[in-house]
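Okay, entry-v3.txt is below, compact mmCIF, C-alpha atoms and all ligand atoms:
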# COMPACT_ATOMS: atom_id res chain seq x y z
CA MET A 1 -5.86 3.74 -28.65
CA ASN A 2 -7.33 5.86 -31.42
CA GLN A 3 -10.38 8.03 -30.81
CA HIS A 4 -12.76 5.40 -32.21
CA GLU A 5 -11.38 2.73 -29.85
CA ARG A 6 -11.55 5.15 -26.91
CA THR A 7 -15.22 5.83 -27.59
CA ALA A 8 -15.90 2.08 -27.76
CA PHE A 9 -13.94 1.48 -24.54
CA PHE A 10 -15.95 4.03 -22.55
CA SER A 11 -19.18 2.89 -24.07
CA ILE A 12 -18.53 -0.70 -22.85
CA LEU A 13 -17.62 0.51 -19.35
CA GLU A 14 -20.65 2.76 -19.05
CA THR A 15 -23.02 0.13 -20.49
CA ALA A 16 -21.91 -2.33 -17.79
CA VAL A 17 -22.67 0.21 -15.06
CA ARG A 18 -25.92 1.38 -16.70
CA GLN A 19 -27.35 -2.12 -16.73
CA ALA A 20 -26.69 -2.53 -12.99
CA ASP A 21 -27.16 1.01 -11.72
CA PRO A 22 -28.62 3.68 -14.00
CA GLU A 23 -28.21 6.44 -11.41
CA VAL A 24 -24.47 5.98 -10.98
CA ALA A 25 -24.14 5.44 -14.75
CA ALA A 26 -25.78 8.82 -15.35
CA ALA A 27 -23.33 10.50 -12.97
CA LEU A 28 -20.38 8.76 -14.66
CA GLY A 29 -21.56 9.81 -18.12
CA ASN A 30 -22.11 13.40 -16.96
CA GLU A 31 -18.66 13.55 -15.38
CA ARG A 32 -17.05 12.23 -18.59
CA ARG A 33 -18.93 14.90 -20.57
CA ARG A 34 -17.89 17.59 -18.05
CA GLU A 35 -14.25 16.55 -18.46
CA ASN A 36 -14.61 16.42 -22.26
CA ASP A 37 -16.40 19.74 -22.68
CA GLY A 38 -14.62 22.00 -20.17
CA LEU A 39 -11.15 23.37 -19.50
CA GLU A 40 -9.57 21.61 -16.53
CA LEU A 41 -7.10 23.99 -14.95
CA ILE A 42 -6.95 22.60 -11.41
CA ALA A 43 -3.20 22.26 -10.88
CA SER A 44 -3.48 18.94 -9.04
CA GLU A 45 -5.64 17.18 -11.64
CA ASN A 46 -4.84 15.31 -14.81
CA PHE A 47 -6.35 12.80 -17.25
CA VAL A 48 -5.12 9.22 -17.03
CA SER A 49 -4.67 6.95 -20.02
CA PRO A 50 -7.20 4.21 -20.84
CA ALA A 51 -4.52 1.70 -19.73
CA VAL A 52 -4.32 3.25 -16.26
CA LEU A 53 -8.12 3.38 -16.07
CA ALA A 54 -8.42 -0.25 -17.13
CA ALA A 55 -5.93 -1.39 -14.48
CA MET A 56 -7.90 0.54 -11.84
CA GLY A 57 -11.09 -1.13 -13.00
CA SER A 58 -9.54 -4.59 -12.91
CA VAL A 59 -10.06 -7.80 -10.92
CA MET A 60 -7.22 -6.87 -8.58
CA THR A 61 -9.79 -4.86 -6.63
CA ASN A 62 -11.01 -8.24 -5.34
CA LYS A 63 -7.81 -9.21 -3.59
CA TYR A 64 -6.72 -8.85 0.02
CA ALA A 65 -2.93 -8.65 0.26
CA GLU A 66 -1.93 -7.33 3.68
CA GLY A 67 1.84 -7.43 3.89
CA TYR A 68 4.39 -7.03 1.11
CA PRO A 69 5.37 -9.13 -1.95
CA ALA A 70 6.34 -12.67 -0.88
CA LYS A 71 5.41 -11.82 2.75
CA ARG A 72 1.62 -11.64 2.77
CA TYR A 73 -0.97 -12.51 5.36
CA TYR A 74 -3.28 -14.00 2.66
CA GLY A 75 -2.97 -16.78 0.13
CA GLY A 76 -3.36 -16.30 -3.60
CA CYS A 77 -1.14 -13.22 -3.82
CA GLU A 78 1.21 -14.45 -6.56
CA PHE A 79 -0.19 -12.16 -9.25
CA VAL A 80 -0.75 -9.07 -7.14
CA ASP A 81 2.86 -9.56 -6.02
CA VAL A 82 3.91 -9.18 -9.66
CA ALA A 83 2.02 -5.88 -9.93
CA GLU A 84 3.49 -4.51 -6.69
CA GLU A 85 7.05 -5.54 -7.60
CA LEU A 86 6.68 -3.87 -10.99
CA ALA A 87 5.37 -0.69 -9.37
CA ARG A 88 8.19 -0.61 -6.79
CA ASN A 89 10.93 -1.28 -9.34
CA ARG A 90 9.60 1.23 -11.83
CA ALA A 91 9.29 3.87 -9.09
CA LYS A 92 12.93 3.25 -8.15
CA GLN A 93 13.97 3.58 -11.79
CA LEU A 94 11.91 6.73 -12.28
CA PHE A 95 13.16 8.59 -9.20
CA GLY A 96 16.55 6.96 -8.59
CA CYS A 97 15.59 6.11 -5.00
CA ASP A 98 16.80 3.12 -2.95
CA HIS A 99 13.36 2.03 -1.78
CA ALA A 100 9.75 2.76 -2.71
CA ASN A 101 6.59 1.86 -0.83
CA VAL A 102 3.70 2.06 -3.28
CA GLN A 103 0.93 1.09 -0.85
CA PRO A 104 -0.22 4.45 0.62
CA HIS A 105 -3.83 5.02 -0.40
CA SER A 106 -3.20 8.75 -0.67
CA GLY A 107 -0.68 11.51 -0.17
CA ALA A 108 -2.09 12.15 3.30
CA GLN A 109 -1.42 8.55 4.30
CA ALA A 110 2.04 8.62 2.75
CA ASN A 111 2.84 11.65 4.92
CA MET A 112 1.26 10.08 7.99
CA SER A 113 3.46 6.99 7.53
CA VAL A 114 6.60 9.11 7.53
CA TYR A 115 5.49 10.93 10.69
CA LEU A 116 4.83 7.58 12.33
CA ALA A 117 8.26 6.29 11.27
CA THR A 118 10.12 9.35 12.51
CA CYS A 119 8.31 11.20 15.29
CA GLN A 120 6.60 10.78 18.63
CA PRO A 121 3.47 12.74 19.57
CA GLY A 122 4.52 16.14 20.86
CA ASP A 123 7.72 16.34 18.80
CA VAL A 124 8.46 19.56 16.97
CA ILE A 125 7.99 19.48 13.22
CA PHE A 126 8.20 22.27 10.65
CA GLY A 127 5.91 22.70 7.63
CA MET A 128 5.25 25.57 5.25
CA ASP A 129 2.15 27.49 6.30
CA LEU A 130 -0.95 26.49 4.30
CA SER A 131 -1.70 30.03 3.12
CA HIS A 132 1.90 30.38 1.95
CA GLY A 133 1.60 27.32 -0.27
CA GLY A 134 1.97 24.39 2.15
CA HIS A 135 -0.43 21.51 2.65
CA LEU A 136 -3.03 20.52 5.23
CA THR A 137 -0.99 17.47 6.26
CA HIS A 138 2.14 19.55 6.82
CA GLY A 139 0.96 20.64 10.25
CA HIS A 140 -2.33 22.50 9.89
CA PRO A 141 -4.04 22.78 13.30
CA LEU A 142 -7.20 21.04 12.03
CA ASN A 143 -5.27 18.09 10.59
CA TYR A 144 -3.90 15.06 12.51
CA SER A 145 -0.39 16.44 11.86
CA GLY A 146 -1.19 19.68 13.66
CA LYS A 147 -3.04 17.89 16.44
CA THR A 148 -0.27 15.36 17.09
CA PHE A 149 2.90 17.43 16.84
CA LYS A 150 4.13 20.84 17.94
CA VAL A 151 4.16 22.55 14.60
CA VAL A 152 6.27 25.56 13.74
CA PRO A 153 5.15 26.93 10.37
CA TYR A 154 7.61 28.65 8.07
CA LEU A 155 6.66 31.32 5.56
CA VAL A 156 7.54 32.97 2.28
CA ARG A 157 9.15 36.42 2.20
CA GLN A 158 6.73 39.31 1.86
CA ASP A 159 8.76 41.02 -0.89
CA THR A 160 9.51 38.05 -3.18
CA GLU A 161 6.79 35.60 -2.06
CA THR A 162 9.43 32.86 -2.20
CA ILE A 163 10.48 30.64 0.72
CA ASP A 164 12.37 32.58 3.35
CA TYR A 165 15.30 30.17 3.73
CA ASP A 166 17.16 32.51 6.14
CA ALA A 167 14.20 32.66 8.48
CA LEU A 168 13.85 28.86 8.17
CA ARG A 169 17.47 28.43 9.25
CA ASP A 170 16.93 30.74 12.25
CA LEU A 171 13.77 28.85 13.25
CA ALA A 172 15.58 25.50 12.98
CA LYS A 173 18.40 26.72 15.24
CA GLN A 174 15.85 28.03 17.73
CA HIS A 175 13.39 25.09 17.83
CA ARG A 176 15.58 22.09 16.90
CA PRO A 177 12.80 20.21 15.07
CA LYS A 178 12.72 16.46 14.68
CA LEU A 179 11.50 16.74 11.10
CA ILE A 180 11.35 19.50 8.51
CA VAL A 181 8.60 19.00 5.97
CA CYS A 182 9.11 20.71 2.64
CA GLY A 183 7.19 20.65 -0.60
CA ALA A 184 3.97 22.46 -1.36
CA SER A 185 0.56 22.42 -2.94
CA ALA A 186 0.40 26.05 -4.04
CA TYR A 187 3.96 27.27 -4.55
CA PRO A 188 4.91 28.23 -8.11
CA ARG A 189 8.68 28.36 -7.73
CA THR A 190 11.54 25.84 -7.69
CA ILE A 191 12.18 24.53 -4.18
CA ASP A 192 15.81 24.37 -3.07
CA PHE A 193 15.78 20.90 -1.51
CA THR A 194 19.57 20.87 -1.10
CA LEU A 195 19.45 24.04 0.98
CA ILE A 196 16.52 22.83 3.09
CA ALA A 197 18.30 19.53 3.74
CA ASP A 198 21.45 21.44 4.78
CA ILE A 199 19.42 23.61 7.16
CA ALA A 200 17.71 20.52 8.63
CA HIS A 201 20.86 18.48 9.04
CA GLU A 202 22.72 21.41 10.65
CA SER A 203 20.09 21.43 13.38
CA GLY A 204 19.85 17.64 13.70
CA ALA A 205 16.49 17.29 11.92
CA MET A 206 15.42 14.84 9.23
CA VAL A 207 13.68 16.02 6.07
CA MET A 208 10.53 14.85 4.33
CA ALA A 209 10.01 16.32 0.88
CA ASP A 210 6.43 16.07 -0.35
CA ILE A 211 6.72 16.30 -4.14
CA ALA A 212 3.07 15.50 -4.88
CA HIS A 213 2.73 18.43 -7.26
CA ILE A 214 6.11 18.38 -8.95
CA ALA A 215 6.72 14.61 -9.12
CA GLY A 216 6.50 14.57 -12.91
CA MET A 217 9.15 17.25 -13.28
CA VAL A 218 11.39 15.58 -10.71
CA ALA A 219 11.04 12.23 -12.51
CA VAL A 220 12.30 13.63 -15.80
CA GLY A 221 14.95 15.93 -14.27
CA MET A 222 13.12 19.20 -14.95
CA HIS A 223 12.98 20.09 -11.25
CA PRO A 224 15.92 19.37 -8.91
CA SER A 225 15.32 16.09 -7.09
CA PRO A 226 15.13 15.87 -3.30
CA VAL A 227 15.92 12.13 -3.41
CA PRO A 228 19.70 12.42 -2.83
CA HIS A 229 19.29 14.99 -0.05
CA CYS A 230 16.18 14.14 1.97
CA GLU A 231 15.59 11.09 4.15
CA TYR A 232 12.02 10.66 2.91
CA VAL A 233 10.24 11.73 -0.26
CA THR A 234 6.48 11.38 -0.53
CA THR A 235 4.23 11.93 -3.48
CA THR A 236 0.78 11.35 -4.84
CA THR A 237 0.61 9.48 -8.11
CA HIS A 238 -2.26 11.32 -9.79
CA LYS A 239 -1.05 14.86 -10.39
CA THR A 240 1.77 15.61 -12.84
CA LEU A 241 2.68 11.91 -12.58
CA ARG A 242 -0.61 11.14 -14.40
CA GLY A 243 -1.37 7.88 -12.60
CA PRO A 244 -4.22 6.61 -10.43
CA ARG A 245 -5.32 8.50 -7.30
CA GLY A 246 -2.90 7.32 -4.62
CA GLY A 247 0.32 7.87 -2.72
CA MET A 248 3.88 6.61 -2.42
CA VAL A 249 6.90 7.04 -0.13
CA MET A 250 10.56 6.77 -1.11
CA CYS A 251 13.49 6.52 1.27
CA LYS A 252 17.04 5.35 1.70
CA SER A 253 17.70 1.60 2.19
CA GLU A 254 18.53 1.87 5.88
CA LEU A 255 15.12 3.47 6.58
CA ALA A 256 13.11 1.04 4.44
CA GLU A 257 12.15 -1.54 7.03
CA ALA A 258 10.81 1.00 9.54
CA LEU A 259 8.98 2.86 6.79
CA ASP A 260 7.29 -0.29 5.49
CA LYS A 261 6.15 -1.11 9.03
CA ALA A 262 4.78 2.41 9.41
CA VAL A 263 2.70 2.07 6.22
CA PHE A 264 1.50 -1.44 7.13
CA PRO A 265 0.49 -2.25 9.82
CA GLY A 266 1.10 1.26 11.21
CA VAL A 267 -1.29 3.33 9.15
CA GLN A 268 -3.07 1.01 6.72
CA GLY A 269 -4.49 -2.48 6.40
CA GLY A 270 -5.03 -4.13 3.03
CA PRO A 271 -3.42 -2.34 0.09
CA LEU A 272 -5.51 -1.39 -2.96
CA MET A 273 -3.96 -3.84 -5.42
CA HIS A 274 -5.90 -2.58 -8.45
CA ILE A 275 -4.54 0.91 -7.74
CA ILE A 276 -1.03 -0.48 -7.26
CA ALA A 277 -1.35 -2.22 -10.65
CA ALA A 278 -2.42 1.10 -12.16
CA LYS A 279 0.56 2.82 -10.49
CA ALA A 280 2.83 0.29 -12.22
CA VAL A 281 1.20 1.09 -15.57
CA ALA A 282 1.51 4.85 -15.01
CA PHE A 283 5.18 4.53 -14.02
CA ALA A 284 5.86 2.52 -17.19
CA GLU A 285 4.23 5.33 -19.17
CA ALA A 286 6.34 7.92 -17.31
CA LEU A 287 9.51 6.05 -18.27
CA GLN A 288 8.74 6.58 -21.98
CA PRO A 289 10.36 9.45 -23.92
CA SER A 290 6.86 10.77 -24.74
CA TYR A 291 6.31 11.53 -21.03
CA ARG A 292 9.43 13.70 -20.94
CA GLU A 293 8.06 15.60 -23.95
CA TYR A 294 4.75 15.98 -22.12
CA ILE A 295 6.43 17.49 -19.06
CA ALA A 296 8.44 19.91 -21.21
CA LYS A 297 5.22 21.04 -22.94
CA LEU A 298 3.36 21.39 -19.65
CA LEU A 299 6.10 23.69 -18.34
CA GLU A 300 6.16 25.76 -21.51
CA ASN A 301 2.36 26.04 -21.37
CA ALA A 302 2.53 27.25 -17.75
CA LYS A 303 5.06 29.94 -18.67
CA VAL A 304 2.96 31.14 -21.61
CA LEU A 305 -0.32 31.13 -19.67
CA CYS A 306 1.29 32.99 -16.77
CA ALA A 307 2.93 35.61 -19.01
CA SER A 308 -0.31 36.11 -20.95
CA LEU A 309 -2.28 36.68 -17.74
CA GLN A 310 0.36 39.16 -16.59
CA GLU A 311 0.14 41.01 -19.93
CA LEU A 312 -3.59 41.31 -19.32
CA GLY A 313 -2.84 42.99 -15.99
CA TRP A 314 -3.20 40.15 -13.48
CA ARG A 315 -0.81 40.03 -10.54
CA MET A 316 0.77 36.60 -10.13
CA VAL A 317 2.09 35.41 -6.76
CA SER A 318 5.93 35.58 -6.79
CA GLY A 319 5.76 37.30 -10.17
CA GLY A 320 5.62 34.13 -12.27
CA THR A 321 6.14 30.40 -12.29
CA ASP A 322 8.90 27.80 -12.64
CA THR A 323 6.47 24.90 -12.46
CA HIS A 324 3.12 23.64 -13.71
CA LEU A 325 1.13 26.05 -11.53
CA MET A 326 0.54 29.72 -10.90
CA LEU A 327 -1.58 31.78 -8.54
CA ILE A 328 -3.47 34.92 -9.46
CA ASN A 329 -3.55 37.31 -6.51
CA LEU A 330 -6.93 38.98 -6.93
CA GLY A 331 -6.09 41.47 -4.18
CA ALA A 332 -7.70 42.13 -0.82
CA ASP A 333 -10.12 44.57 -2.48
CA GLY A 334 -10.72 42.52 -5.63
CA ILE A 335 -13.25 39.74 -6.08
CA SER A 336 -12.57 36.81 -3.78
CA GLY A 337 -11.08 33.52 -4.91
CA LYS A 338 -14.43 31.86 -4.23
CA LYS A 339 -16.29 34.28 -6.51
CA ALA A 340 -13.64 33.88 -9.20
CA GLU A 341 -13.86 30.07 -8.98
CA ASP A 342 -17.68 30.19 -9.23
CA ARG A 343 -17.63 32.60 -12.14
CA LEU A 344 -15.03 30.66 -14.11
CA GLY A 345 -16.95 27.45 -13.37
CA LYS A 346 -20.04 28.94 -15.02
CA ALA A 347 -17.90 29.56 -18.10
CA GLY A 348 -16.70 25.93 -18.21
CA ILE A 349 -13.25 26.76 -16.79
CA THR A 350 -12.42 24.75 -13.66
CA VAL A 351 -9.95 26.24 -11.18
CA ASN A 352 -9.75 26.31 -7.40
CA LYS A 353 -9.83 29.24 -5.04
CA ASN A 354 -6.70 29.53 -2.96
CA THR A 355 -5.30 31.69 -0.25
CA VAL A 356 -2.31 33.83 -1.21
CA PRO A 357 0.62 34.67 1.09
CA PHE A 358 -0.43 36.99 3.93
CA ASP A 359 -4.08 36.61 2.88
CA THR A 360 -6.65 38.37 5.02
CA ARG A 361 -9.48 36.14 3.81
CA LYS A 362 -10.25 32.67 5.20
CA PRO A 363 -9.19 29.57 3.15
CA TYR A 364 -12.79 28.84 2.08
CA ILE A 365 -12.99 32.29 0.46
CA GLY A 366 -9.35 33.14 -0.37
CA SER A 367 -7.94 36.03 -2.38
CA GLY A 368 -6.45 33.95 -5.14
CA VAL A 369 -7.07 31.28 -7.71
CA ARG A 370 -4.64 28.50 -8.47
CA ILE A 371 -4.23 27.50 -12.10
CA GLY A 372 -2.24 24.65 -13.61
CA THR A 373 -1.49 23.18 -17.01
CA PRO A 374 -1.10 19.38 -16.48
CA ALA A 375 -4.59 18.42 -17.69
CA VAL A 376 -4.91 20.75 -20.68
CA THR A 377 -1.43 19.69 -21.82
CA THR A 378 -2.46 16.04 -21.66
CA ARG A 379 -5.27 16.97 -24.06
CA GLY A 380 -2.65 18.24 -26.51
CA MET A 381 -3.12 21.98 -26.04
CA GLY A 382 -0.10 24.22 -26.63
CA PRO A 383 1.06 27.85 -26.35
CA ASN A 384 -1.58 29.25 -28.75
CA GLU A 385 -4.35 27.70 -26.70
CA MET A 386 -2.74 29.06 -23.50
CA LYS A 387 -2.87 32.61 -24.91
CA ALA A 388 -6.53 32.07 -25.83
CA ILE A 389 -7.31 30.63 -22.37
CA ALA A 390 -5.72 33.66 -20.66
CA LYS A 391 -8.06 35.92 -22.64
CA LEU A 392 -11.09 33.80 -21.74
CA ILE A 393 -10.17 33.92 -18.03
CA ASP A 394 -9.64 37.67 -18.24
CA ARG A 395 -13.05 38.25 -19.87
CA VAL A 396 -14.85 36.24 -17.20
CA LEU A 397 -13.07 37.78 -14.22
CA ARG A 398 -13.58 41.35 -15.41
CA THR A 399 -17.36 41.32 -15.64
CA GLU A 400 -20.42 40.43 -13.63
CA ASP A 401 -22.41 40.10 -16.85
CA GLU A 402 -23.62 36.52 -17.02
CA THR A 403 -24.18 36.71 -20.77
CA VAL A 404 -20.40 37.15 -21.18
CA TRP A 405 -19.79 34.07 -19.02
CA ALA A 406 -22.24 32.11 -21.21
CA GLN A 407 -20.54 33.35 -24.37
CA VAL A 408 -17.15 32.25 -23.00
CA LYS A 409 -18.63 28.85 -22.13
CA GLY A 410 -19.51 28.38 -25.80
CA GLU A 411 -15.96 29.28 -26.81
CA VAL A 412 -14.55 26.91 -24.16
CA GLU A 413 -16.65 24.06 -25.55
CA ALA A 414 -15.46 24.77 -29.09
CA LEU A 415 -11.83 24.80 -27.92
CA ALA A 416 -12.29 21.58 -25.94
CA LYS A 417 -13.94 19.88 -28.92
CA ALA A 418 -10.82 20.50 -30.99
CA PHE A 419 -8.83 18.42 -28.43
CA PRO A 420 -10.93 15.29 -27.91
CA LEU A 421 -10.38 13.49 -24.64
CA TYR A 422 -12.41 10.42 -23.66
CA GLY A 423 -14.69 10.07 -26.67
N1 LIG B 501 -5.66 18.65 -2.69
C1 LIG B 501 -4.39 18.63 -3.37
C2 LIG B 501 -4.19 19.82 -4.21
O1 LIG B 501 -5.14 20.23 -4.85
O2 LIG B 501 -3.11 20.36 -4.27
C3 LIG B 501 -3.28 18.43 -2.46
O3 LIG B 501 -3.54 17.32 -1.67
For the file at hand, write its structure as structure tokens.
Ligand code: DSN
Amino acid sequence: MNQHERTAFFSILETAVRQADPEVAAALGNERRRENDGLELIASENFVSPAVLAAMGSVMTNKYAEGYPAKRYYGGCEFVDVAEELARNRAKQLFGCDHANVQPHSGAQANMSVYLATCQPGDVIFGMDLSHGGHLTHGHPLNYSGKTFKVVPYLVRQDTETIDYDALRDLAKQHRPKLIVCGASAYPRTIDFTLIADIAHESGAMVMADIAHIAGMVAVGMHPSPVPHCEYVTTTTHKTLRGPRGGMVMCKSELAEALDKAVFPGVQGGPLMHIIAAKAVAFAEALQPSYREYIAKLLENAKVLCASLQELGWRMVSGGTDTHLMLINLGADGISGKKAEDRLGKAGITVNKNTVPFDTRKPYIGSGVRIGTPAVTTRGMGPNEMKAIAKLIDRVLRTEDETVWAQVKGEVEALAKAFPLYG
């Protein structure tokens, strides 16, 4: 689609909503403008193509399809079956896995399905601590995972801020977990899935790798894949993978039947067929050479943005990044992550506050901000823009003067305008 067609496409969509519901239409229009006019640096967000959006907004939302292709509990599933088969086959092609279940509504439900397929309440599971880069569903006490299982968190090393694999091995020997969960939502370095799988298998545990953040890199071979080493691999489909909001689980053939039963009827009822259709579209896009180029650019952008922030004096967790994301450690005495997020937001730069390893602040305040390049790279921005963005971030974080934030907002809007998004 060219820019003119994009503008027409969104105008038709918004007109349809406006005629039925002006209040929601106003919110939709404002959100589109916010996305157009600002700099989206939340590491877990991206901008989907009009094709993915159209599939999400399609008639497949009308269909109940409990079950799996050719084995449904409802009639009339012949066309949604086509969409689900395409999504499954493309996922298998993309990740080289034996089996893919594309029904999980989210990453949380993908993870829950694996727990249901592998563990009993009270079993010991391992997950990386949330403040060290892990995820809520990897055993946080407030999450179902932490409430259902005996969770032993593992940490990063204090000196390198990278996963302490030796300590993980010792913990595994000591606690003999049923399942080791690896993967992260705020970890900027390459994860050694082979080593984690070795550690798990030595102690009789299975492994679930949650690659929600790095799925795009794994798909194109720019991050080592856990698929050959781990029993289960879960992901969301909307981060670096640039598809609709949703989840997916991959596993080996011999585990497929139990996994499918865990997803449905274990955790979910009717699958979201419009989202599954959009997953199929996104996977087809990710199989194109242009997606590989996109991932290479996103990684280069992350390196440049990280190095530029370091040159400006900011301390980055683990001293850099191998991925699409980085974390500024603002320091225990510096401004909090929450203040930094608010300030940058006023300047049109969207990030999220984050805890940093060994943080003394609570997660809602945090001592860090997490920054990622998937969305700005989708817009077409490159290394020069990353250097400019680092300077904009630096100016905002170093002053309490609101006129500077407003000035930066103007510059952000000018930069965004040069990389048109949704018309
Ligand atoms: N909330 C997601 C993130 O921002 O990383 C993970 O689920």
For region 26-44 of chain A, take all atoms listed in the file, fit an axis-aligned box around them, add 5 Å to each of the six sides, then output centre and edge lengths in Å rounded to one decimal, as AutoDock Vina command-line options.
--center_x -14.5 --center_y 16.4 --center_z -15.9 --size_x 32.6 --size_y 25.2 --size_z 23.6
- Message: Residues near region 361-378 of chain A, anyone? I mean within 8 Å using all atoms listed in the file, not counting same-chain ones fewer than 2 positions away, as a PyMOL selection string.
- Response: chain A and resi 39-47+131+186+239-240+294+297-299+301-302+324-332+334-341+351-356+359+380-382
- Restricting the calculation to all atoms listed in the file, which member of A:Ala212, A:Ala110, A:Ala256, A:Ile125 is positioned closest to ligand LIG 501 (chain B)? A:Ala212
- Message: Neighbouring residues of Cys230 (chain A) were defined as those with any atom within 10 Å, considering all atoms listed in the file; residues of the same chain fewer than 3 positions away were excluded. Please report them as a VMD selection string.
- Response: chain A and resid 180 to 182 193 to 194 196 to 198 200 to 201 206 to 209 225 to 227 233 250 to 252
- Within-9 Å shell of (5.0, -10.9, -3.9) in input frame, only C-alpha atoms, as a list of chain:residue names: A:Tyr68, A:Pro69, A:Ala70, A:Lys71, A:Arg72, A:Cys77, A:Glu78, A:Phe79, A:Val80, A:Asp81, A:Val82, A:Ala83, A:Glu84, A:Glu85
Just to be explicit: take each residue in the selection above, keep C-alpha atoms, and write the result as a PDB file, keeping the file's coordinate frame.
ATOM      1  CA  TYR A  68       4.390  -7.030   1.110  1.00  0.00           C
ATOM      2  CA  PRO A  69       5.370  -9.130  -1.950  1.00  0.00           C
ATOM      3  CA  ALA A  70       6.340 -12.670  -0.880  1.00  0.00           C
ATOM      4  CA  LYS A  71       5.410 -11.820   2.750  1.00  0.00           C
ATOM      5  CA  ARG A  72       1.620 -11.640   2.770  1.00  0.00           C
ATOM      6  CA  CYS A  77      -1.140 -13.220  -3.820  1.00  0.00           C
ATOM      7  CA  GLU A  78       1.210 -14.450  -6.560  1.00  0.00           C
ATOM      8  CA  PHE A  79      -0.190 -12.160  -9.250  1.00  0.00           C
ATOM      9  CA  VAL A  80      -0.750  -9.070  -7.140  1.00  0.00           C
ATOM     10  CA  ASP A  81       2.860  -9.560  -6.020  1.00  0.00           C
ATOM     11  CA  VAL A  82       3.910  -9.180  -9.660  1.00  0.00           C
ATOM     12  CA  ALA A  83       2.020  -5.880  -9.930  1.00  0.00           C
ATOM     13  CA  GLU A  84       3.490  -4.510  -6.690  1.00  0.00           C
ATOM     14  CA  GLU A  85       7.050  -5.540  -7.600  1.00  0.00           C
TER      15      GLU A  85
END
- Query: In Å, how far is it from CA of Gln103 (chain A) to CA of Val267 (chain A)?
  - Reply: 10.5 Å
